[in-house]
$ cat my_file-v3.cif   # mmCIF, C-alpha atoms
data_work
#
loop_
_atom_site.group_PDB
_atom_site.id
_atom_site.type_symbol
_atom_site.label_atom_id
_atom_site.label_comp_id
_atom_site.auth_asym_id
_atom_site.auth_seq_id
_atom_site.Cartn_x
_atom_site.Cartn_y
_atom_site.Cartn_z
ATOM 1 C CA MET A 135 0.000 0.000 0.000
ATOM 2 C CA ASN A 136 1.154 3.512 -0.726
ATOM 3 C CA PHE A 137 -0.487 5.817 1.813
ATOM 4 C CA THR A 138 1.450 8.849 0.585
ATOM 5 C CA GLU A 139 0.277 8.405 -3.007
ATOM 6 C CA GLY A 140 -3.243 7.587 -1.825
ATOM 7 C CA GLU A 141 -5.329 4.801 -0.290
ATOM 8 C CA TYR A 142 -8.848 4.286 1.076
ATOM 9 C CA ILE A 143 -9.121 3.078 4.684
ATOM 10 C CA CYS A 144 -12.584 1.977 5.758
ATOM 11 C CA ILE A 145 -13.061 2.231 9.521
ATOM 12 C CA ASN A 146 -15.943 1.066 11.714
ATOM 13 C CA LYS A 147 -16.095 4.132 13.966
ATOM 14 C CA PRO A 148 -16.775 3.234 17.597
ATOM 15 C CA TYR A 149 -19.370 4.736 19.930
ATOM 16 C CA ARG A 150 -18.429 8.068 21.559
ATOM 17 C CA MET A 151 -15.372 8.663 19.355
ATOM 18 C CA THR A 152 -15.591 11.671 17.038
ATOM 19 C CA SER A 153 -14.930 11.233 13.330
ATOM 20 C CA PHE A 154 -11.894 13.508 13.697
ATOM 21 C CA GLY A 155 -10.726 11.402 16.644
ATOM 22 C CA ALA A 156 -10.843 8.273 14.481
ATOM 23 C CA LEU A 157 -9.014 10.112 11.691
ATOM 24 C CA ALA A 158 -6.315 11.348 14.102
ATOM 25 C CA PHE A 159 -5.865 7.846 15.547
ATOM 26 C CA VAL A 160 -5.303 6.400 12.059
ATOM 27 C CA ARG A 161 -3.143 9.293 10.820
ATOM 28 C CA THR A 162 -0.742 9.071 13.773
ATOM 29 C CA ARG A 163 -0.137 5.362 13.226
ATOM 30 C CA VAL A 164 0.046 5.514 9.427
ATOM 31 C CA SER A 165 2.485 8.434 9.566
ATOM 32 C CA ARG A 166 4.679 6.525 12.013
ATOM 33 C CA ARG A 167 4.585 3.376 9.864
ATOM 34 C CA VAL A 168 5.380 5.248 6.655
ATOM 35 C CA GLY A 169 8.087 7.261 8.396
ATOM 36 C CA VAL A 170 6.804 10.760 7.650
ATOM 37 C CA LYS A 171 5.760 13.540 9.992
ATOM 38 C CA ARG A 172 2.135 13.773 8.840
ATOM 39 C CA VAL A 173 0.377 11.782 6.117
ATOM 40 C CA LYS A 174 -2.353 13.781 4.355
ATOM 41 C CA ILE A 175 -5.726 12.282 5.274
ATOM 42 C CA GLY A 176 -9.411 13.268 5.273
ATOM 43 C CA HIS A 177 -12.769 11.580 5.794
ATOM 44 C CA ALA A 178 -15.792 11.324 3.514
ATOM 45 C CA GLY A 179 -18.720 12.259 5.754
ATOM 46 C CA THR A 180 -18.874 13.004 9.474
ATOM 47 C CA LEU A 181 -20.520 10.623 11.927
ATOM 48 C CA ASP A 182 -21.837 11.963 15.233
ATOM 49 C CA PRO A 183 -19.869 10.842 18.323
ATOM 50 C CA LEU A 184 -22.839 8.717 19.468
ATOM 51 C CA ALA A 185 -23.107 7.031 16.049
ATOM 52 C CA THR A 186 -21.085 4.036 14.893
ATOM 53 C CA GLY A 187 -20.271 2.507 11.544
ATOM 54 C CA VAL A 188 -18.732 3.155 8.152
ATOM 55 C CA LEU A 189 -16.213 6.002 8.013
ATOM 56 C CA ILE A 190 -14.181 6.178 4.794
ATOM 57 C CA LEU A 191 -10.745 7.751 5.222
ATOM 58 C CA CYS A 192 -8.787 8.935 2.184
ATOM 59 C CA THR A 193 -5.019 9.440 2.210
ATOM 60 C CA GLY A 194 -2.687 11.312 -0.118
ATOM 61 C CA LYS A 195 -4.114 12.071 -3.565
ATOM 62 C CA LYS A 196 -7.240 10.059 -2.755
ATOM 63 C CA THR A 197 -8.396 13.037 -0.643
ATOM 64 C CA LYS A 198 -9.473 14.542 -3.981
ATOM 65 C CA GLU A 199 -12.150 11.823 -4.073
ATOM 66 C CA ILE A 200 -13.843 12.934 -0.829
ATOM 67 C CA GLU A 201 -16.463 15.137 -2.493
ATOM 68 C CA ARG A 202 -17.404 12.330 -4.902
ATOM 69 C CA LEU A 203 -17.620 9.758 -2.111
ATOM 70 C CA GLN A 204 -19.934 12.029 -0.121
ATOM 71 C CA LEU A 205 -22.460 11.829 -2.977
ATOM 72 C CA HIS A 206 -22.821 8.070 -2.534
ATOM 73 C CA THR A 207 -26.009 6.565 -1.129
ATOM 74 C CA LYS A 208 -25.811 5.765 2.578
ATOM 75 C CA GLU A 209 -27.639 3.206 4.693
ATOM 76 C CA TYR A 210 -28.308 3.428 8.428
ATOM 77 C CA THR A 211 -29.968 1.469 11.185
ATOM 78 C CA ALA A 212 -31.469 3.571 13.966
ATOM 79 C CA THR A 213 -33.421 3.083 17.190
ATOM 80 C CA LEU A 214 -35.873 5.775 18.320
ATOM 81 C CA GLN A 215 -37.451 6.386 21.699
ATOM 82 C CA LEU A 216 -40.959 7.778 21.166
ATOM 83 C CA GLY A 217 -42.787 10.127 23.519
ATOM 84 C CA ALA A 218 -39.866 12.399 24.399
ATOM 85 C CA THR A 219 -37.358 14.813 22.870
ATOM 86 C CA THR A 220 -33.865 16.085 23.627
ATOM 87 C CA PRO A 221 -32.229 19.324 22.371
ATOM 88 C CA SER A 222 -29.789 17.382 20.177
ATOM 89 C CA TYR A 223 -32.361 14.767 19.063
ATOM 90 C CA ASP A 224 -30.149 12.017 20.516
ATOM 91 C CA MET A 225 -28.763 10.966 23.918
ATOM 92 C CA GLU A 226 -26.046 13.637 24.029
ATOM 93 C CA HIS A 227 -28.519 15.750 26.022
ATOM 94 C CA GLU A 228 -31.133 14.949 28.652
ATOM 95 C CA VAL A 229 -34.835 14.709 27.824
ATOM 96 C CA ASP A 230 -36.344 18.215 27.738
ATOM 97 C CA ALA A 231 -40.014 17.364 27.029
ATOM 98 C CA THR A 232 -42.400 14.397 27.037
ATOM 99 C CA TYR A 233 -45.446 13.738 24.867
ATOM 100 C CA PRO A 234 -48.464 11.391 24.700
ATOM 101 C CA THR A 235 -47.959 7.988 23.068
ATOM 102 C CA ALA A 236 -51.222 6.125 23.825
ATOM 103 C CA HIS A 237 -52.483 6.813 20.288
ATOM 104 C CA ILE A 238 -49.383 5.377 18.552
ATOM 105 C CA THR A 239 -49.873 1.986 16.900
ATOM 106 C CA GLU A 240 -47.644 -0.024 14.578
ATOM 107 C CA SER A 241 -50.058 0.734 11.757
ATOM 108 C CA LEU A 242 -49.718 4.476 12.372
ATOM 109 C CA VAL A 243 -45.931 4.188 12.543
ATOM 110 C CA ARG A 244 -45.776 2.398 9.183
ATOM 111 C CA GLN A 245 -48.107 4.983 7.634
ATOM 112 C CA VAL A 246 -45.975 7.871 8.911
ATOM 113 C CA LEU A 247 -42.689 6.291 7.820
ATOM 114 C CA ALA A 248 -43.998 5.848 4.263
ATOM 115 C CA SER A 249 -44.654 9.599 4.087
ATOM 116 C CA PHE A 250 -40.917 10.297 4.447
ATOM 117 C CA GLU A 251 -39.824 8.421 1.315
ATOM 118 C CA GLY A 252 -38.749 10.527 -1.660
ATOM 119 C CA ASP A 253 -37.623 14.168 -1.621
ATOM 120 C CA ILE A 254 -38.371 15.853 1.707
ATOM 121 C CA GLN A 255 -37.618 19.193 3.338
ATOM 122 C CA GLN A 256 -35.394 18.777 6.385
ATOM 123 C CA VAL A 257 -34.011 21.299 8.877
ATOM 124 C CA PRO A 258 -30.561 20.218 10.138
ATOM 125 C CA PRO A 259 -30.110 19.809 13.917
ATOM 126 C CA GLU A 260 -29.133 22.944 15.822
ATOM 127 C CA TYR A 261 -26.389 20.824 17.396
ATOM 128 C CA SER A 262 -24.612 20.118 14.095
ATOM 129 C CA ALA A 263 -21.520 21.176 12.177
ATOM 130 C CA CYS A 264 -23.581 23.380 9.822
ATOM 131 C CA LYS A 265 -22.012 26.808 9.474
ATOM 132 C CA ILE A 266 -23.749 30.083 10.251
ATOM 133 C CA GLY A 267 -21.663 33.090 9.268
ATOM 134 C CA GLY A 268 -18.466 31.089 9.630
ATOM 135 C CA ASP A 269 -19.379 29.562 13.012
ATOM 136 C CA ARG A 270 -20.451 25.976 13.641
ATOM 137 C CA ALA A 271 -24.066 25.723 14.779
ATOM 138 C CA TYR A 272 -23.153 23.527 17.754
ATOM 139 C CA ASP A 273 -20.584 26.088 18.948
ATOM 140 C CA LEU A 274 -23.230 28.835 18.896
ATOM 141 C CA MET A 275 -25.721 26.601 20.735
ATOM 142 C CA ARG A 276 -23.176 25.768 23.433
ATOM 143 C CA LYS A 277 -22.583 29.511 23.909
ATOM 144 C CA GLY A 278 -26.311 29.954 24.525
ATOM 145 C CA GLN A 279 -27.007 31.725 21.243
ATOM 146 C CA ASP A 280 -30.151 31.137 19.190
ATOM 147 C CA VAL A 281 -29.610 29.155 16.016
ATOM 148 C CA GLU A 282 -31.966 29.149 13.047
ATOM 149 C CA LEU A 283 -31.116 26.822 10.174
ATOM 150 C CA ALA A 284 -32.888 26.826 6.816
ATOM 151 C CA PRO A 285 -34.608 23.672 5.550
ATOM 152 C CA LYS A 286 -32.994 21.846 2.661
ATOM 153 C CA THR A 287 -34.136 19.148 0.263
ATOM 154 C CA VAL A 288 -32.829 15.653 1.027
ATOM 155 C CA HIS A 289 -33.762 12.319 -0.524
ATOM 156 C CA ILE A 290 -34.903 9.204 1.343
ATOM 157 C CA ASP A 291 -34.707 6.188 -0.987
ATOM 158 C CA GLU A 292 -36.163 3.745 1.508
ATOM 159 C CA ILE A 293 -37.294 3.678 5.124
ATOM 160 C CA GLU A 294 -38.288 0.393 6.759
ATOM 161 C CA LEU A 295 -39.655 -0.420 10.213
ATOM 162 C CA THR A 296 -37.585 -3.341 11.549
ATOM 163 C CA ALA A 297 -38.930 -3.494 15.123
ATOM 164 C CA PHE A 298 -41.621 -1.851 17.267
ATOM 165 C CA ASP A 299 -42.127 -2.322 21.007
ATOM 166 C CA VAL A 300 -45.559 -0.893 21.837
ATOM 167 C CA GLU A 301 -44.996 -1.150 25.615
ATOM 168 C CA LYS A 302 -41.641 0.655 25.679
ATOM 169 C CA MET A 303 -42.555 2.866 22.692
ATOM 170 C CA VAL A 304 -39.246 2.039 21.019
ATOM 171 C CA MET A 305 -38.898 1.527 17.279
ATOM 172 C CA SER A 306 -36.034 0.505 15.005
ATOM 173 C CA ILE A 307 -35.705 1.532 11.373
ATOM 174 C CA ARG A 308 -33.460 1.006 8.364
ATOM 175 C CA VAL A 309 -32.915 4.089 6.210
ATOM 176 C CA VAL A 310 -31.374 4.365 2.737
ATOM 177 C CA CYS A 311 -30.751 8.008 1.871
ATOM 178 C CA GLY A 312 -28.773 10.557 -0.100
ATOM 179 C CA LYS A 313 -26.172 13.186 0.766
ATOM 180 C CA GLY A 314 -26.883 15.640 3.572
ATOM 181 C CA THR A 315 -29.587 13.633 5.374
ATOM 182 C CA TYR A 316 -29.504 13.933 9.166
ATOM 183 C CA ILE A 317 -30.988 10.857 10.828
ATOM 184 C CA ARG A 318 -31.328 12.860 14.068
ATOM 185 C CA SER A 319 -33.556 15.346 12.237
ATOM 186 C CA LEU A 320 -35.459 12.457 10.706
ATOM 187 C CA ALA A 321 -36.126 11.105 14.220
ATOM 188 C CA ARG A 322 -37.365 14.537 15.324
ATOM 189 C CA ASP A 323 -39.673 14.810 12.312
ATOM 190 C CA ILE A 324 -41.021 11.268 12.718
ATOM 191 C CA GLY A 325 -41.924 12.110 16.315
ATOM 192 C CA ARG A 326 -43.742 15.261 15.210
ATOM 193 C CA ALA A 327 -45.568 13.396 12.423
ATOM 194 C CA LEU A 328 -46.776 10.934 15.070
ATOM 195 C CA ASN A 329 -48.150 13.888 17.086
ATOM 196 C CA SER A 330 -45.615 13.018 19.771
ATOM 197 C CA GLY A 331 -41.851 13.268 20.161
ATOM 198 C CA ALA A 332 -38.845 11.090 19.329
ATOM 199 C CA TYR A 333 -35.074 11.000 19.715
ATOM 200 C CA LEU A 334 -32.296 8.612 18.686
ATOM 201 C CA THR A 335 -30.992 6.062 21.177
ATOM 202 C CA ALA A 336 -28.748 4.283 18.655
ATOM 203 C CA LEU A 337 -27.436 4.983 15.151
ATOM 204 C CA CYS A 338 -25.157 2.962 12.888
ATOM 205 C CA ARG A 339 -24.079 3.773 9.335
ATOM 206 C CA THR A 340 -24.036 0.346 7.734
ATOM 207 C CA ARG A 341 -23.131 1.315 4.158
ATOM 208 C CA VAL A 342 -21.606 4.098 2.058
ATOM 209 C CA GLY A 343 -21.887 3.318 -1.654
ATOM 210 C CA ASP A 344 -20.534 -0.209 -2.047
ATOM 211 C CA VAL A 345 -18.624 -0.151 1.253
ATOM 212 C CA ARG A 346 -20.453 -2.124 3.932
ATOM 213 C CA ILE A 347 -19.774 -2.252 7.648
ATOM 214 C CA GLU A 348 -18.583 -5.849 7.236
ATOM 215 C CA ASP A 349 -15.740 -4.510 5.046
ATOM 216 C CA CYS A 350 -14.518 -2.066 7.698
ATOM 217 C CA ILE A 351 -11.660 -2.299 10.194
ATOM 218 C CA THR A 352 -12.350 -1.594 13.854
ATOM 219 C CA ILE A 353 -10.172 0.912 15.686
ATOM 220 C CA ASP A 354 -8.994 -1.880 17.988
ATOM 221 C CA ASP A 355 -7.921 -4.038 15.039
ATOM 222 C CA PHE A 356 -6.347 -1.219 13.024
ATOM 223 C CA PRO A 357 -2.805 -1.330 14.510
ATOM 224 C CA GLN A 358 -2.500 -5.053 13.746
ATOM 225 C CA TRP A 359 -4.011 -4.578 10.263
ATOM 226 C CA LEU A 360 -1.527 -1.782 9.537
ATOM 227 C CA GLU A 361 1.391 -3.886 10.719
ATOM 228 C CA GLN A 362 0.440 -6.589 8.203
ATOM 229 C CA GLN A 363 0.407 -4.211 5.209
ATOM 230 C CA GLU A 364 3.304 -4.093 2.796
ATOM 231 C CA ILE A 365 4.262 -0.431 2.567
ATOM 232 C CA GLU A 366 5.325 1.100 -0.730
ATOM 233 C CA THR A 367 6.950 4.527 -0.807
ATOM 234 C CA LEU A 368 7.270 7.032 -3.641
ATOM 235 C CA LYS A 369 10.627 6.945 -5.382
#
$ encode --input "my_file-v3.cif" --output "structure tokens"
Amino acid sequence: MNFTEGEYICINKPYRMTSFGALAFVRTRVSRRVGVKRVKIGHAGTLDPLATGVLILCTGKKTKEIERLQLHTKEYTATLQLGATTPSYDMEHEVDATYPTAHITESLVRQVLASFEGDIQQVPPEYSACKIGGDRAYDLMRKGQDVELAPKTVHIDEIELTAFDVEKMVMSIRVVCGKGTYIRSLARDIGRALNSGAYLTALCRTRVGDVRIEDCITIDDFPQWLEQQEIETLK
């Protein structure tokens, strides 16, 4: 492998590690193995710290492919708690409001999910990396400033109910979607469409384009994987 010239490294990002943290972990070890101060590396699509799954890292000249890779279809599995919301639409923050759930049935859930397929308008989460006048939205929120983000068109290819617990009001879904879709925002909007609330309790990106989670290297296994690679250097 020639990391300086350019390679793809597909990582299964662990829970609570940031995408940049995973990138830094890999870059430090690749740079050391190659024998350079700092190998050029970037990632094709941020995952939230509380999300797991496919994170494609590009080294060297392959960083030019990042924009193209971000256009690829993505697939996620997600678990939603109904009847409550949090400011970040996931478990990063505590529940800030609760809502009725007695009216929610599996039939209603399936009906609501079907309404999200196709092109939809979606407002990104206030706690996100979206920029407002040069500042990240989450930085402004953490400073106590009001954040107002404009809706944008995103595409949901497929959304499937994979489990529904009527007693705990917990549902699991599989989502196939296009670039720029926030699954946290989707959870928020599903809750609203159910005349209730919802937030994510688990999220995994299982596919980006043709790269599946089964093809990815875990952070724990990466050092051993790297040690086994034959390293080629530019002449």
$ resolve_selection --input "my_file-v3.cif" --expression "the PyMOL selection byres ((chain A and resi 190) around 8)" --output "PyMOL selection string"
chain A and resi 142-145+177-179+188-189+191-192
$ atom_distance --input "my_file-v3.cif" --atom1 "CA of Lys195 in chain A" --atom2 "CA of Gly268 in chain A"
27.2 Å
$ closest_residue --input "my_file-v3.cif" --among "A:Met303, A:Ala212, A:Leu295, A:Val257" --to "Leu337 in chain A" --atoms "only C-alpha atoms"
A:Ala212
$ resolve_selection --input "my_file-v3.cif" --expression "the PyMOL selection byres ((chain A and resi 335) around 6)" --output "PyMOL selection string"
chain A and resi 213-214+334+336
$ write_last_selection --input "my_file-v3.cif" --atoms "C-alpha atoms" --output "PDB file, keeping the file's coordinate frame"
ATOM      1  CA  THR A 213     -33.421   3.083  17.190  1.00  0.00           C
ATOM      2  CA  LEU A 214     -35.873   5.775  18.320  1.00  0.00           C
ATOM      3  CA  LEU A 334     -32.296   8.612  18.686  1.00  0.00           C
ATOM      4  CA  ALA A 336     -28.748   4.283  18.655  1.00  0.00           C
TER       5      ALA A 336
END
$ residues_around --input "my_file-v3.cif" --residues "Lys171 in chain A" --least-positions-apart "5" --cutoff "9 Å" --atoms "all atoms listed in the file" --output "tab-separated table (two decimals) with C-alpha atoms, in the coordinates of the input"
chain	number	residue	atom	x	y	z
A	162	THR	CA	-0.74	9.07	13.77
A	165	SER	CA	2.48	8.43	9.57
A	166	ARG	CA	4.68	6.52	12.01
$ closest_residue --input "my_file-v3.cif" --among "A:Ile175, A:Ile290, A:Leu242, A:Met225" --to "Val309 in chain A" --atoms "all atoms listed in the file"
A:Ile290
$ residues_around --input "my_file-v3.cif" --residues "Pro234 in chain A" --least-positions-apart "5" --cutoff "9 Å" --atoms "all atoms listed in the file" --output "ChimeraX atom specification"
/A:217-218,329-331
$ write_last_selection --input "my_file-v3.cif" --atoms "C-alpha atoms" --output "mmCIF file, keeping the file's coordinate frame"
data_model
loop_
_atom_site.group_PDB
_atom_site.id
_atom_site.type_symbol
_atom_site.label_atom_id
_atom_site.label_comp_id
_atom_site.auth_asym_id
_atom_site.auth_seq_id
_atom_site.Cartn_x
_atom_site.Cartn_y
_atom_site.Cartn_z
ATOM 1 C CA GLY A 217 -42.787 10.127 23.519
ATOM 2 C CA ALA A 218 -39.866 12.399 24.399
ATOM 3 C CA ASN A 329 -48.150 13.888 17.086
ATOM 4 C CA SER A 330 -45.615 13.018 19.771
ATOM 5 C CA GLY A 331 -41.851 13.268 20.161
#
$ closest_residue --input "my_file-v3.cif" --among "A:Lys196, A:Arg341, A:Lys147, A:Arg244" --to "Ser306 in chain A" --atoms "only C-alpha atoms"
A:Arg244
$ closest_residue --input "my_file-v3.cif" --among "A:Thr193, A:Asn146, A:Thr340, A:Thr239" --to "Asp355 in chain A" --atoms "all atoms listed in the file"
A:Asn146
$ residues_around --input "my_file-v3.cif" --residues "Pro148 in chain A" --least-positions-apart "6" --cutoff "12 Å" --atoms "only C-alpha atoms" --output "PyMOL selection string"
chain A and resi 155-157+181-189+337-339+347+350-355
$ closest_residue --input "my_file-v3.cif" --among "A:Asn136, A:Val229, A:Val304, A:Ser319" --to "Arg167 in chain A" --atoms "all atoms listed in the file"
A:Asn136
$ build_atoms --input "my_file-v3.cif" --residues "range 281-293 of chain A" --atoms "N, CA and C atoms" --output "short mmCIF file (atom, residue, chain, number, x, y, z; two decimals), in the coordinates of the input"
data_model
loop_
_atom_site.label_atom_id
_atom_site.label_comp_id
_atom_site.auth_asym_id
_atom_site.auth_seq_id
_atom_site.Cartn_x
_atom_site.Cartn_y
_atom_site.Cartn_z
N VAL A 281 -30.04 29.63 17.33
CA VAL A 281 -29.61 29.16 16.02
C VAL A 281 -30.84 28.87 15.18
N GLU A 282 -30.86 29.42 13.96
CA GLU A 282 -31.97 29.15 13.05
C GLU A 282 -31.39 28.67 11.72
N LEU A 283 -31.64 27.42 11.39
CA LEU A 283 -31.12 26.82 10.17
C LEU A 283 -32.23 26.68 9.14
N ALA A 284 -31.89 26.90 7.90
CA ALA A 284 -32.89 26.83 6.82
C ALA A 284 -33.12 25.37 6.42
N PRO A 285 -34.35 25.03 6.04
CA PRO A 285 -34.61 23.67 5.55
C PRO A 285 -33.92 23.44 4.22
N LYS A 286 -33.59 22.19 3.95
CA LYS A 286 -32.99 21.85 2.66
C LYS A 286 -33.64 20.56 2.15
N THR A 287 -33.55 20.35 0.85
CA THR A 287 -34.14 19.15 0.26
C THR A 287 -33.16 17.99 0.39
N VAL A 288 -33.61 16.88 0.97
CA VAL A 288 -32.83 15.65 1.03
C VAL A 288 -33.69 14.52 0.45
N HIS A 289 -33.03 13.42 0.11
CA HIS A 289 -33.76 12.32 -0.52
C HIS A 289 -33.67 11.05 0.32
N ILE A 290 -34.82 10.48 0.64
CA ILE A 290 -34.90 9.20 1.34
C ILE A 290 -35.31 8.15 0.32
N ASP A 291 -34.40 7.25 -0.02
CA ASP A 291 -34.71 6.19 -0.99
C ASP A 291 -35.66 5.16 -0.39
N GLU A 292 -35.40 4.83 0.88
CA GLU A 292 -36.16 3.74 1.51
C GLU A 292 -36.12 3.91 3.02
N ILE A 293 -37.25 3.68 3.67
CA ILE A 293 -37.29 3.68 5.12
C ILE A 293 -38.17 2.51 5.56
#
